[in-house]
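Data block for entry-v7.cif (mmCIF, C-alpha atoms and all ligand atoms):
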```
data_structure
#
loop_
_atom_site.label_atom_id
_atom_site.label_comp_id
_atom_site.auth_asym_id
_atom_site.auth_seq_id
_atom_site.Cartn_x
_atom_site.Cartn_y
_atom_site.Cartn_z
CA MET A 1 9.28 -2.95 -18.24
CA ILE A 2 7.87 0.14 -16.48
CA ARG A 3 7.76 3.39 -18.43
CA VAL A 4 6.50 6.68 -17.04
CA GLU A 5 6.34 9.57 -19.49
CA GLY A 6 5.50 13.20 -18.78
CA VAL A 7 3.19 12.32 -15.92
CA SER A 8 1.47 15.03 -13.90
CA LYS A 9 -1.15 14.70 -11.21
CA THR A 10 -3.11 17.44 -9.49
CA PHE A 11 -5.47 16.92 -6.56
CA GLU A 12 -8.49 19.08 -5.94
CA GLN A 13 -8.23 21.18 -2.83
CA ARG A 14 -11.14 22.41 -0.78
CA GLY A 15 -12.01 25.92 -1.92
CA GLY A 16 -8.67 26.55 -3.66
CA ALA A 17 -6.59 25.90 -6.73
CA GLY A 18 -5.54 22.30 -7.36
CA TYR A 19 -2.48 20.91 -5.60
CA THR A 20 0.13 19.65 -8.07
CA ALA A 21 1.44 16.49 -6.44
CA LEU A 22 3.48 15.34 -9.45
CA ASP A 23 4.84 17.46 -12.27
CA ASP A 24 6.23 16.07 -15.51
CA ILE A 25 7.68 12.85 -14.13
CA ALA A 26 9.56 10.56 -16.49
CA PHE A 27 11.57 7.42 -15.81
CA GLU A 28 11.94 3.81 -16.83
CA VAL A 29 12.60 0.64 -14.91
CA GLY A 30 14.16 -2.23 -16.85
CA LYS A 31 13.20 -5.88 -16.45
CA GLY A 32 14.78 -7.30 -13.32
CA GLU A 33 15.99 -3.92 -12.12
CA PHE A 34 15.73 -2.69 -8.52
CA VAL A 35 14.87 1.03 -8.56
CA SER A 36 14.04 3.25 -5.59
CA ILE A 37 12.16 6.50 -5.51
CA LEU A 38 13.53 8.55 -2.63
CA GLY A 39 12.03 11.73 -1.28
CA PRO A 40 10.70 13.57 1.75
CA SER A 41 7.22 12.77 2.95
CA GLY A 42 4.49 14.49 0.99
CA CYS A 43 6.54 14.78 -2.22
CA GLY A 44 4.23 12.46 -4.14
CA LYS A 45 5.94 9.06 -3.86
CA SER A 46 2.80 7.09 -3.02
CA THR A 47 0.87 8.92 -5.72
CA LEU A 48 3.52 7.89 -8.23
CA LEU A 49 3.47 4.26 -7.08
CA ASN A 50 -0.33 4.22 -7.22
CA LEU A 51 -0.20 5.43 -10.82
CA VAL A 52 2.07 2.53 -11.75
CA ALA A 53 -0.16 0.15 -9.75
CA GLY A 54 -3.20 1.41 -11.68
CA LEU A 55 -4.89 2.65 -8.48
CA GLU A 56 -4.80 6.30 -9.65
CA ARG A 57 -5.01 7.97 -13.04
CA ALA A 58 -2.58 10.61 -14.31
CA ASP A 59 -3.97 13.94 -15.53
CA LYS A 60 -1.25 14.17 -18.14
CA GLY A 61 1.29 11.75 -19.54
CA ARG A 62 1.42 8.02 -19.82
CA VAL A 63 2.26 5.01 -17.67
CA GLU A 64 3.15 1.78 -19.46
CA VAL A 65 4.00 -1.66 -18.18
CA SER A 66 5.41 -4.18 -20.66
CA GLY A 67 4.45 -1.87 -23.53
CA LYS A 68 0.79 -1.61 -22.48
CA LYS A 69 -0.91 1.45 -21.07
CA VAL A 70 -1.84 1.05 -17.39
CA ASN A 71 -5.53 1.68 -16.72
CA ALA A 72 -6.20 -0.56 -13.75
CA PRO A 73 -4.43 -2.89 -11.32
CA GLY A 74 -3.18 -6.11 -12.92
CA PRO A 75 -1.78 -9.49 -11.83
CA ASP A 76 1.61 -8.50 -13.24
CA ARG A 77 2.03 -5.85 -10.48
CA ILE A 78 1.53 -6.41 -6.77
CA VAL A 79 1.81 -3.70 -4.14
CA VAL A 80 3.35 -4.26 -0.70
CA PHE A 81 2.35 -1.47 1.70
CA GLN A 82 3.85 -0.25 4.96
CA ASP A 83 0.81 -1.59 6.73
CA HIS A 84 0.97 -5.32 6.01
CA ALA A 85 -2.86 -5.64 6.02
CA LEU A 86 -2.86 -9.35 6.84
CA TYR A 87 -6.19 -10.93 7.75
CA PRO A 88 -6.06 -11.34 11.55
CA TRP A 89 -8.40 -14.34 11.54
CA LEU A 90 -6.25 -16.34 9.11
CA THR A 91 -2.97 -18.13 9.84
CA VAL A 92 0.26 -17.24 8.05
CA LEU A 93 -0.33 -20.12 5.64
CA GLU A 94 -3.94 -19.10 4.98
CA ASN A 95 -2.97 -15.46 4.50
CA VAL A 96 -0.29 -16.33 1.97
CA ALA A 97 -2.54 -18.82 0.17
CA PHE A 98 -5.52 -16.44 0.11
CA GLY A 99 -4.96 -15.01 -3.38
CA LEU A 100 -4.53 -18.50 -4.82
CA LYS A 101 -7.81 -19.56 -3.22
CA GLN A 102 -9.53 -16.67 -4.98
CA LYS A 103 -8.05 -17.97 -8.22
CA ARG A 104 -9.72 -21.32 -7.38
CA ILE A 105 -6.46 -23.20 -7.18
CA LYS A 106 -6.89 -26.52 -5.37
CA LYS A 107 -6.02 -26.66 -1.69
CA GLU A 108 -3.08 -28.99 -1.97
CA GLU A 109 -1.39 -26.94 -4.68
CA ARG A 110 -2.06 -23.62 -3.00
CA HIS A 111 -0.66 -24.83 0.30
CA GLU A 112 2.40 -26.18 -1.45
CA ARG A 113 3.01 -22.91 -3.28
CA ALA A 114 2.32 -20.83 -0.17
CA MET A 115 4.72 -22.93 1.93
CA GLU A 116 7.43 -22.49 -0.68
CA GLN A 117 7.18 -18.69 -0.32
CA ILE A 118 6.84 -18.86 3.46
CA ARG A 119 10.08 -20.81 3.57
CA ALA A 120 11.69 -18.29 1.21
CA VAL A 121 11.12 -15.61 3.87
CA HIS A 122 12.32 -18.02 6.60
CA LEU A 123 8.99 -18.40 8.36
CA GLY A 124 8.55 -22.15 7.81
CA LYS A 125 8.10 -22.76 11.54
CA PHE A 126 5.42 -20.08 11.84
CA ALA A 127 2.98 -21.20 9.15
CA ASP A 128 0.27 -22.01 11.70
CA ARG A 129 0.60 -18.79 13.68
CA TYR A 130 -1.85 -15.89 13.54
CA PRO A 131 -0.66 -12.37 12.71
CA HIS A 132 -0.99 -11.15 16.33
CA GLU A 133 1.54 -13.79 17.36
CA LEU A 134 4.21 -12.35 15.04
CA SER A 135 6.63 -9.42 15.31
CA GLY A 136 6.36 -6.45 12.94
CA GLY A 137 9.23 -7.72 10.82
CA MET A 138 7.69 -11.18 10.55
CA LYS A 139 4.36 -9.70 9.46
CA GLN A 140 6.10 -7.74 6.71
CA ARG A 141 7.83 -10.95 5.60
CA VAL A 142 4.42 -12.64 5.39
CA ALA A 143 3.21 -9.72 3.30
CA ILE A 144 6.17 -10.23 0.94
CA ALA A 145 5.47 -13.98 0.73
CA ARG A 146 1.81 -13.23 -0.01
CA ALA A 147 2.85 -10.97 -2.90
CA LEU A 148 5.42 -13.44 -4.27
CA VAL A 149 3.04 -16.40 -4.26
CA MET A 150 1.02 -14.69 -7.01
CA ASP A 151 4.22 -14.65 -9.09
CA PRO A 152 3.90 -11.07 -10.39
CA GLU A 153 6.62 -9.75 -12.69
CA ILE A 154 6.77 -6.53 -10.72
CA LEU A 155 6.76 -5.80 -7.00
CA LEU A 156 5.70 -2.27 -6.07
CA MET A 157 6.78 -1.54 -2.50
CA ASP A 158 5.56 1.57 -0.69
CA GLU A 159 7.80 2.16 2.36
CA PRO A 160 7.38 -1.47 3.41
CA PHE A 161 9.92 -1.26 6.24
CA ALA A 162 9.25 2.28 7.47
CA ALA A 163 7.51 1.20 10.67
CA LEU A 164 10.20 -1.29 11.71
CA ASP A 165 13.08 -0.79 14.12
CA GLU A 166 16.56 -0.38 12.64
CA GLN A 167 17.80 -3.93 13.40
CA THR A 168 14.76 -5.56 11.86
CA ARG A 169 14.95 -3.25 8.89
CA LEU A 170 18.57 -4.29 8.22
CA LEU A 171 17.60 -7.95 8.35
CA LEU A 172 14.77 -7.35 5.93
CA HIS A 173 17.10 -5.54 3.53
CA LYS A 174 19.22 -8.68 3.38
CA GLU A 175 16.16 -10.84 2.95
CA LEU A 176 14.66 -8.69 0.19
CA GLU A 177 17.96 -8.50 -1.67
CA GLN A 178 18.24 -12.29 -1.53
CA ILE A 179 14.68 -12.71 -2.81
CA TRP A 180 15.39 -10.26 -5.61
CA LEU A 181 18.63 -12.05 -6.54
CA ASN A 182 16.86 -15.43 -6.51
CA THR A 183 13.72 -14.44 -8.39
CA GLY A 184 14.88 -11.70 -10.77
CA LYS A 185 11.69 -9.71 -10.11
CA THR A 186 11.48 -6.08 -11.16
CA ILE A 187 11.17 -3.95 -8.02
CA LEU A 188 10.03 -0.35 -7.69
CA PHE A 189 10.68 0.61 -4.09
CA ILE A 190 9.50 3.77 -2.35
CA THR A 191 11.32 5.13 0.69
CA HIS A 192 12.25 8.30 2.53
CA ASN A 193 15.37 6.63 3.95
CA ILE A 194 18.57 7.41 2.05
CA ARG A 195 20.57 4.45 3.37
CA GLU A 196 17.77 2.03 2.59
CA ALA A 197 17.50 3.30 -0.99
CA VAL A 198 21.25 3.11 -1.59
CA THR A 199 21.69 -0.29 0.08
CA LEU A 200 18.97 -1.95 -1.96
CA SER A 201 18.91 -0.33 -5.36
CA ASP A 202 20.58 -0.42 -8.74
CA ARG A 203 19.34 3.14 -9.23
CA VAL A 204 17.93 5.75 -6.88
CA LEU A 205 15.66 8.48 -8.25
CA VAL A 206 15.65 11.43 -5.87
CA MET A 207 12.48 13.49 -5.83
CA SER A 208 12.04 17.13 -4.98
CA THR A 209 8.89 18.46 -3.45
CA ARG A 210 6.23 21.08 -4.24
CA PRO A 211 5.61 19.99 -6.91
CA GLY A 212 7.01 16.46 -6.98
CA ARG A 213 9.65 16.12 -9.65
CA ILE A 214 12.55 13.79 -10.22
CA LYS A 215 15.53 15.89 -9.32
CA LYS A 216 18.44 13.56 -9.87
CA GLU A 217 19.31 9.95 -10.56
CA PHE A 218 22.07 7.99 -8.82
CA ARG A 219 23.38 4.70 -10.14
CA VAL A 220 24.63 2.32 -7.44
CA GLN A 221 27.14 -0.04 -8.99
CA ALA A 222 28.26 -1.75 -5.79
CA ALA A 223 28.74 -5.52 -5.70
CA ARG A 224 25.93 -7.85 -4.58
CA PRO A 225 25.15 -8.96 -2.01
CA ARG A 226 25.74 -5.53 -0.60
CA GLU A 227 28.05 -5.08 2.39
CA ALA A 228 27.14 -2.49 5.01
CA GLY A 229 30.73 -1.21 5.07
CA ASP A 230 31.02 -0.72 1.29
CA SER A 231 32.67 2.68 0.79
CA LEU A 232 30.91 3.23 -2.54
CA LEU A 233 27.55 3.02 -0.74
CA HIS A 234 28.69 5.64 1.79
CA HIS A 235 29.96 7.88 -0.96
CA ILE A 236 26.64 7.79 -2.83
CA GLU A 237 24.74 8.35 0.41
CA SER A 238 26.65 11.56 1.05
CA GLN A 239 26.14 12.71 -2.55
CA ILE A 240 22.40 12.22 -2.11
CA MET A 241 22.50 14.10 1.19
CA ASN A 242 24.15 17.04 -0.57
CA THR A 243 21.49 16.99 -3.26
CA LEU A 244 18.80 17.02 -0.61
CA ALA A 245 20.53 19.69 1.46
CA ALA A 246 20.14 22.03 -1.52
CA GLU A 247 16.47 21.07 -1.62
CA LEU A 248 16.13 21.72 2.12
CA ALA A 249 17.70 25.14 1.71
CA LYS A 250 15.29 25.96 -1.12
CA VAL A 251 12.23 25.02 0.91
CA ALA A 252 13.55 26.74 4.04
CA LYS A 253 14.21 29.93 2.08
CA GLU A 254 10.62 29.92 0.91
CA GLU A 255 9.48 29.63 4.50
CA TYR A 256 12.04 31.76 6.36
CA GLY A 257 12.96 34.41 3.78
CA ASP A 258 16.23 35.38 2.05
CA ASP A 259 18.42 35.66 5.15
CA TYR A 260 18.03 31.97 5.88
CA ASN A 261 21.42 30.32 6.42
CA LEU A 262 21.57 26.56 6.21
CA GLU A 263 24.87 26.22 8.11
CA LYS A 264 23.45 27.90 11.16
CA SER A 265 20.15 26.17 11.00
CA PRO A 266 19.12 23.23 13.15
CA LEU A 267 17.72 21.83 9.91
CA SER A 268 21.23 21.12 8.64
CA HIS A 269 21.58 18.52 11.37
CA SER A 270 18.41 16.84 10.31
CA ALA A 271 19.63 16.40 6.75
CA VAL A 272 20.49 12.83 7.64
CA SER A 273 19.27 9.47 6.53
CA ASN A 274 15.72 9.83 7.60
CA LEU A 275 13.60 12.36 5.76
CA GLY A 276 10.34 11.32 7.35
CA ASP A 277 9.48 14.57 9.00
CA GLY A 278 12.10 16.71 7.31
CA ILE A 279 11.31 18.93 4.33
N1 LIG A 301 -6.41 11.63 -2.73
C1 LIG A 301 -5.81 12.79 -2.47
N2 LIG A 301 -6.52 13.95 -2.43
C2 LIG A 301 -5.92 15.13 -2.18
N3 LIG A 301 -4.58 15.28 -1.97
C3 LIG A 301 -3.84 14.16 -1.99
C4 LIG A 301 -4.40 12.86 -2.23
N4 LIG A 301 -3.38 11.95 -2.19
C5 LIG A 301 -2.27 12.65 -1.93
N5 LIG A 301 -2.52 13.98 -1.82
C6 LIG A 301 -1.53 15.03 -1.57
O1 LIG A 301 -0.50 14.90 -2.52
C7 LIG A 301 0.78 15.07 -1.92
C8 LIG A 301 1.63 13.84 -2.14
O2 LIG A 301 1.11 12.78 -1.38
P1 LIG A 301 1.79 11.33 -1.34
O3 LIG A 301 1.91 10.81 -2.73
O4 LIG A 301 1.03 10.50 -0.39
O5 LIG A 301 3.24 11.67 -0.76
P2 LIG A 301 4.36 10.72 -0.13
O6 LIG A 301 3.97 9.31 -0.38
O7 LIG A 301 5.63 11.13 -0.82
O8 LIG A 301 4.43 11.04 1.32
C9 LIG A 301 0.52 15.37 -0.45
O9 LIG A 301 0.59 16.76 -0.26
C10 LIG A 301 -0.88 14.85 -0.22
O10 LIG A 301 -1.53 15.60 0.78
MG MG A 302 3.62 7.74 0.93
#
```
Could you take the file, read its structure, and then write that structure out as structure tokens?
Ligand SMILES: Nc1ncnc2c1ncn2[C@@H]1O[C@H](COP(=O)(O)OP(=O)(O)O)[C@@H](O)[C@H]1O
Ligand SMILES: [Mg+2]
Amino acid sequence: MIRVEGVSKTFEQRGGAGYTALDDIAFEVGKGEFVSILGPSGCGKSTLLNLVAGLERADKGRVEVSGKKVNAPGPDRIVVFQDHALYPWLTVLENVAFGLKQKRIKKEERHERAMEQIRAVHLGKFADRYPHELSGGMKQRVAIARALVMDPEILLMDEPFAALDEQTRLLLHKELEQIWLNTGKTILFITHNIREAVTLSDRVLVMSTRPGRIKKEFRVQAARPREAGDSLLHHIESQIMNTLAAELAKVAKEEYGDDYNLEKSPLSHSAVSNLGDGI
């Protein structure tokens, strides 16, 4: 379904050599698969997602969706961002129906289709509310409904839950898993949170930084729906942490010199779930 082959991307830097954000990235996502790209902030995750979305162009390599080269955004791929970007002057129903209105679908049909998706994210009672009347988690659920109503084959999600508190995030994991199980959509999900990646995904691709590469792939063959206490999930989480600890040590060595010792470093305690401001 999604195929990325030998993709590199360099950004111009003011007065200096280019900055290689992505170097020789290759992976595939099968139809109906849930795949996460996990990595520390700045490693090139959003750049990679934008390439698949058709919002950026690769310098080298090829991005294909359903066998066709990606040159531009398309209706088969919809991006859900961290910042929900709902229109504040429209109600939940109007926000979700907005894309259908642009496609000139009649009001009755678009409201019917929008309500179906609003109910799928359990916001049926809030259809007439405005975004400022909703919690952060509810706004993200509206953003998901707004993407689903266009019925894309692929959802591209760029840290959609990163700004939410832990409780809300856990609820949304359940909700997204259920949506995925019910709809069979292909999902490419970006996150810097190890637990989130493992809980949600069939496969987790762990990225290294400077330049961004895919370092290792982890297959998560735990039963669905996933249970928080599943020991397989915990096992894979700790394997990923070990992989990233090696990455942390590498980066720290570059910065601190050869006598750097990970065990004695405060950094070793930060090699936990959240990589947001880590390496
Ligand atoms: N348009 C751009 N111009 C210059 N540099 C960019 C641009 N977009 C991203 N970068 C740089 O590329 C690297 C990867 O960025 P990004 O893909 O946003 O990382 P992530 O999403 O993993 O945090 C960062 O160092 C960032 O500063
Ligand atoms: Mg990003």
Give me, as a ChimeraX atom specification, all polymer residues having an atom no more than 12 Å from Gly124 in chain A, counting all atoms listed in the file and skipping those fewer than 3 positions away in the same chain. /A:92-93,112,114-121,127-129,138,141-142,145
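The smallest atom-to-atom distance between Ser231 in chain A and any of A:Leu248, A:Val4, A:Arg110, A:Thr199, using only C-alpha atoms, is found for A:Thr199.
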Residues near Phe189 in chain A, cut-off 7 Å, all atoms listed in the file, skip fewer than 2 positions along chain, as JSON, numbers by chain: {"A": [35, 36, 37, 156, 157, 158, 187, 191]}
Could you list, with a cut-off of 7 Å and counting all atoms listed in the file, the residues of chain A near ligand LIG 301 (chain A), each shown with its nearest atom pair and the distance in Å rounded to one decimal, rows sorted by chain and ascending number, as a Markdown table?
```
| residue | atom | partner | partner_atom | distance |
| --- | --- | --- | --- | --- |
| A:Phe11 | CA | A:LIG301 | C2 | 4.8 |
| A:Glu12 | CA | A:LIG301 | C2 | 6.0 |
| A:Gln13 | CA | A:LIG301 | C2 | 6.5 |
| A:Ala21 | CA | A:LIG301 | O1 | 4.7 |
| A:Gly39 | CA | A:LIG301 | O7 | 6.4 |
| A:Pro40 | CA | A:LIG301 | O7 | 6.2 |
| A:Ser41 | CA | A:LIG301 | O8 | 3.7 |
| A:Gly42 | CA | A:LIG301 | O8 | 3.5 |
| A:Cys43 | CA | A:LIG301 | O7 | 4.0 |
| A:Gly44 | CA | A:LIG301 | O3 | 3.2 |
| A:Lys45 | CA | A:LIG301 | O7 | 3.7 |
| A:Ser46 | CA | A:LIG301 | O6 | 3.6 |
| A:Thr47 | CA | A:LIG301 | O3 | 3.7 |
| A:Leu48 | CA | A:LIG301 | O3 | 6.4 |
```
Given the selection you just returned, output its residues as a file containing C-alpha atoms, formatted as a compact mmCIF listing (two decimals), keeping the file's coordinate frame.
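File again20.txt, as written:
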```txt
# COMPACT_ATOMS: atom_id res chain seq x y z
CA PHE A 11 -5.47 16.92 -6.56
CA GLU A 12 -8.49 19.08 -5.94
CA GLN A 13 -8.23 21.18 -2.83
CA ALA A 21 1.44 16.49 -6.44
CA GLY A 39 12.03 11.73 -1.28
CA PRO A 40 10.70 13.57 1.75
CA SER A 41 7.22 12.77 2.95
CA GLY A 42 4.49 14.49 0.99
CA CYS A 43 6.54 14.78 -2.22
CA GLY A 44 4.23 12.46 -4.14
CA LYS A 45 5.94 9.06 -3.86
CA SER A 46 2.80 7.09 -3.02
CA THR A 47 0.87 8.92 -5.72
CA LEU A 48 3.52 7.89 -8.23
```
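In terms of minimum interatomic distance to ligand MG 302 (chain A), A:Ala162 ranks closest within A:Leu155, A:Ala162, A:Ala249, A:Leu90, counting all atoms listed in the file.
If you count all atoms listed in the file and ignore residues fewer than 5 places along the chain from Gln140 in chain A, what sits within 10 Å of it is Val80, Phe81, Gln82, Asp83, His84, Ala85, Leu86, Val121, Leu134, Ser135, Ala145, Arg146, Pro160, Phe161, Ala163, Leu164 and Leu172 of chain A.
Taking all atoms listed in the file into account, the polymer residues that have an atom no farther than 7 Å from (15.1, -0.1, 3.7) are Phe161, Arg169, His173, Asn193, Glu196 and Ala197 of chain A.
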Rounded to one decimal in Å, what is the spacing between CA of Asp59 in chain A and CA of Leu22 in chain A? 9.7 Å
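Distance annotation: of A:Val63, A:Ile190, A:Pro131, A:Gly99, the residue with the minimal separation from ligand MG 302 (chain A) is A:Ile190; atom set is all atoms listed in the file.
Relative to CA of Met241 in chain A, CA of Val79 in chain A is found at 27.8 Å.
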re CA of Glu108 in chain A and CA of Glu175 in chain A: distance 26.9 Å
Please provide as a ChimeraX atom specification all residues within 12 Å of Lys68 in chain A, with the sequence filter that same-chain residues fewer than 3 positions apart are discarded (counting only C-alpha atoms). /A:1-4,52,54,62-65,71-72,74,76
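Across A:Ala17, A:Leu181, A:Leu49, A:Ile25, the tightest approach to ligand MG 302 (chain A) is made by A:Leu49 when counting all atoms listed in the file.
Take the candidates A:Ala252, A:Ile144, A:Ala223, A:Ile194 and check each one against Ser238 in chain A using only C-alpha atoms; the shortest distance goes to A:Ile194.
With only C-alpha atoms and all ligand atoms as the atoms that count, the residue of A:Ala26, A:Ala228, A:Leu38, A:Val96 with the shortest distance to ligand MG 302 (chain A) is A:Leu38.
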